[in-house]
Amino acid sequence: MMARMSADEDQVHARNAAFYAAFEARDLDAMSELWEHSDRATVTHPGWPTLRGWARVGGSWDAIFANTPFIQFVLTEEVVSVAGDVAWVTVDENILQSHPPPPSEPGDGELSGASVAATNVFVRGDGVWRMVVHHGSPVAAQEPR
């Protein structure tokens, strides 16, 4: 049985859900609204170097959205923690996505699945929780036993 979340945890949970909704919709405006636009904004996408500062972070989302025709998340093991005006969410992202086909081939590309362990950090300013860190680390496929 899950414990009841506090009001702050509820708000952070909602902002985290909005992050994944913006990601799935590939909506740069919605993604931008969720992030703090400062030098401390930081993102580490799986397989990418760490990017710092909102300009680089926002540019990474633009590139991902432009090159991802479809993406869907099933989130598991989501845990929200709040300490004052800082909160973090740890979550396993179970991802289904398509990749653009080569220019010589028509269609939407092939679907593939992946698992990513993610940590999302939020800070509260002026009563609004904004993301300052998203770190995703690929999870290796496990062999059946």
# chains A, B, ... in the order shown; residues from 1 in each chain; ligands from 1

$ residues_around --residues "region 25-40 of chain A" --least-positions-apart "3" --cutoff "8 Å" --atoms "only C-alpha atoms" --output "list in words"
Arg15, Ala18, Phe19, Ala21, Ala22, Arg52, Gly53, Trp54, Ala55, Gly58, Trp61, Asp62, Phe65, Trp129, Arg130, Met131 and Val132 of chain A

$ closest_atom_pairs --of "region 35-144 of chain A" --to "region 2-14 of chain A" --cutoff "9 Å" --atoms "only C-alpha atoms" --output "JSON lines"
{"residue": "A:Val79", "atom": "CA", "partner": "A:His13", "partner_atom": "CA", "distance": 8.8}
{"residue": "A:Val80", "atom": "CA", "partner": "A:Glu9", "partner_atom": "CA", "distance": 6.2}
{"residue": "A:Ser81", "atom": "CA", "partner": "A:Glu9", "partner_atom": "CA", "distance": 6.8}
{"residue": "A:Val82", "atom": "CA", "partner": "A:Glu9", "partner_atom": "CA", "distance": 6.4}
{"residue": "A:Ala87", "atom": "CA", "partner": "A:Val12", "partner_atom": "CA", "distance": 7.1}
{"residue": "A:Trp88", "atom": "CA", "partner": "A:Val12", "partner_atom": "CA", "distance": 8.2}
{"residue": "A:Val89", "atom": "CA", "partner": "A:His13", "partner_atom": "CA", "distance": 7.9}
{"residue": "A:Phe122", "atom": "CA", "partner": "A:Val12", "partner_atom": "CA", "distance": 7.5}
{"residue": "A:Val128", "atom": "CA", "partner": "A:Gln11", "partner_atom": "CA", "distance": 8.9}
{"residue": "A:Trp129", "atom": "CA", "partner": "A:Val12", "partner_atom": "CA", "distance": 6.7}
{"residue": "A:Arg130", "atom": "CA", "partner": "A:Val12", "partner_atom": "CA", "distance": 8.9}

$ write_last_selection --atoms "N, CA and C atoms" --output "PDB file, in the first residue's frame"
ATOM      1  N   VAL A  79       9.381   7.334  -7.565  1.00  0.00           N
ATOM      2  CA  VAL A  79       9.423   7.771  -6.170  1.00  0.00           C
ATOM      3  C   VAL A  79       9.705   9.269  -6.147  1.00  0.00           C
ATOM      4  N   VAL A  80       8.847  10.018  -5.450  1.00  0.00           N
ATOM      5  CA  VAL A  80       8.981  11.464  -5.312  1.00  0.00           C
ATOM      6  C   VAL A  80       9.499  11.772  -3.916  1.00  0.00           C
ATOM      7  N   SER A  81      10.536  12.607  -3.839  1.00  0.00           N
ATOM      8  CA  SER A  81      11.090  13.048  -2.561  1.00  0.00           C
ATOM      9  C   SER A  81      11.174  14.564  -2.558  1.00  0.00           C
ATOM     10  N   VAL A  82      10.826  15.170  -1.422  1.00  0.00           N
ATOM     11  CA  VAL A  82      10.852  16.630  -1.300  1.00  0.00           C
ATOM     12  C   VAL A  82      11.608  16.999  -0.036  1.00  0.00           C
ATOM     13  N   ALA A  87      13.209  19.075  -4.906  1.00  0.00           N
ATOM     14  CA  ALA A  87      12.549  17.772  -4.998  1.00  0.00           C
ATOM     15  C   ALA A  87      13.217  16.971  -6.093  1.00  0.00           C
ATOM     16  N   TRP A  88      13.148  15.659  -5.952  1.00  0.00           N
ATOM     17  CA  TRP A  88      13.695  14.787  -6.987  1.00  0.00           C
ATOM     18  C   TRP A  88      12.762  13.605  -7.174  1.00  0.00           C
ATOM     19  N   VAL A  89      12.747  13.130  -8.390  1.00  0.00           N
ATOM     20  CA  VAL A  89      11.941  11.967  -8.748  1.00  0.00           C
ATOM     21  C   VAL A  89      12.883  10.948  -9.366  1.00  0.00           C
ATOM     22  N   PHE A 122      13.782  19.027  -9.330  1.00  0.00           N
ATOM     23  CA  PHE A 122      12.960  20.235  -9.432  1.00  0.00           C
ATOM     24  C   PHE A 122      13.318  21.182  -8.290  1.00  0.00           C
ATOM     25  N   VAL A 128       6.331  27.860  -7.871  1.00  0.00           N
ATOM     26  CA  VAL A 128       6.224  26.938  -9.006  1.00  0.00           C
ATOM     27  C   VAL A 128       7.436  26.005  -9.005  1.00  0.00           C
ATOM     28  N   TRP A 129       7.175  24.716  -9.173  1.00  0.00           N
ATOM     29  CA  TRP A 129       8.248  23.737  -9.299  1.00  0.00           C
ATOM     30  C   TRP A 129       8.737  23.721 -10.743  1.00  0.00           C
ATOM     31  N   ARG A 130      10.042  23.911 -10.927  1.00  0.00           N
ATOM     32  CA  ARG A 130      10.642  23.869 -12.263  1.00  0.00           C
ATOM     33  C   ARG A 130      11.788  22.844 -12.262  1.00  0.00           C
TER      34      ARG A 130
END

$ residues_around --residues "His134 (chain A)" --least-positions-apart "6" --cutoff "8 Å" --atoms "only C-alpha atoms" --output "ChimeraX atom specification"
/A:42-45,118-121

$ write_last_selection --atoms "N, CA and C atoms" --output "compact mmCIF listing (two decimals), in the first residue's frame"
# COMPACT_ATOMS: atom_id res chain seq x y z
N THR A 42 20.45 21.48 -16.31
CA THR A 42 21.42 20.46 -16.73
C THR A 42 20.67 19.22 -17.21
N VAL A 43 21.14 18.65 -18.32
CA VAL A 43 20.54 17.43 -18.82
C VAL A 43 21.63 16.47 -19.27
N THR A 44 21.41 15.19 -18.95
CA THR A 44 22.27 14.12 -19.46
C THR A 44 21.34 13.10 -20.09
N HIS A 45 21.24 13.15 -21.42
CA HIS A 45 20.46 12.15 -22.15
C HIS A 45 21.32 10.89 -22.29
N ALA A 118 16.02 7.10 -14.63
CA ALA A 118 16.11 8.56 -14.68
C ALA A 118 15.96 9.18 -13.30
N THR A 119 16.61 10.32 -13.16
CA THR A 119 16.45 11.17 -11.99
C THR A 119 16.10 12.56 -12.50
N ASN A 120 15.00 13.11 -12.00
CA ASN A 120 14.55 14.46 -12.36
C ASN A 120 14.55 15.31 -11.10
N VAL A 121 15.23 16.45 -11.16
CA VAL A 121 15.34 17.34 -10.01
C VAL A 121 14.56 18.62 -10.31

$ select_by_dssp --residues "region 23-142 of chain A" --states "strand (DSSP E or B)" --output "number ranges by chain"
A: 35, 42-44, 51-52, 70-83, 86-98, 111-125, 128-138

$ closest_residue --among "A:Val133, A:Val139, A:Val86, A:Ile71" --to "Ser112 (chain A)" --atoms "only C-alpha atoms"
A:Ile71

$ closest_residue --among "A:His135, A:Pro69, A:Asn16, A:Thr76" --to "Val91 (chain A)" --atoms "only C-alpha atoms"
A:Thr76

$ residues_around --residues "Pro46 (chain A)" --least-positions-apart "6" --cutoff "7 Å" --atoms "only C-alpha atoms" --output "ChimeraX atom specification"
/A:136-138

$ atom_distance --atom1 "CA of Glu24 (chain A)" --atom2 "CA of Leu51 (chain A)"
21.0 Å

$ closest_residue --among "A:Gln72, A:Gly127, A:Gly84, A:Tyr20" --to "Gly113 (chain A)" --atoms "only C-alpha atoms"
A:Gln72

$ closest_residue --among "A:Gln97, A:Val74, A:Asp85, A:Phe23" --to "Ser60 (chain A)" --atoms "only C-alpha atoms"
A:Phe23

$ residues_around --residues "Ala114 (chain A)" --least-positions-apart "6" --cutoff "10 Å" --atoms "only C-alpha atoms" --output "PyMOL selection string"
chain A and resi 73+93-97+138-141

$ atom_distance --atom1 "CA of Ala66 (chain A)" --atom2 "CA of His99 (chain A)"
10.6 Å
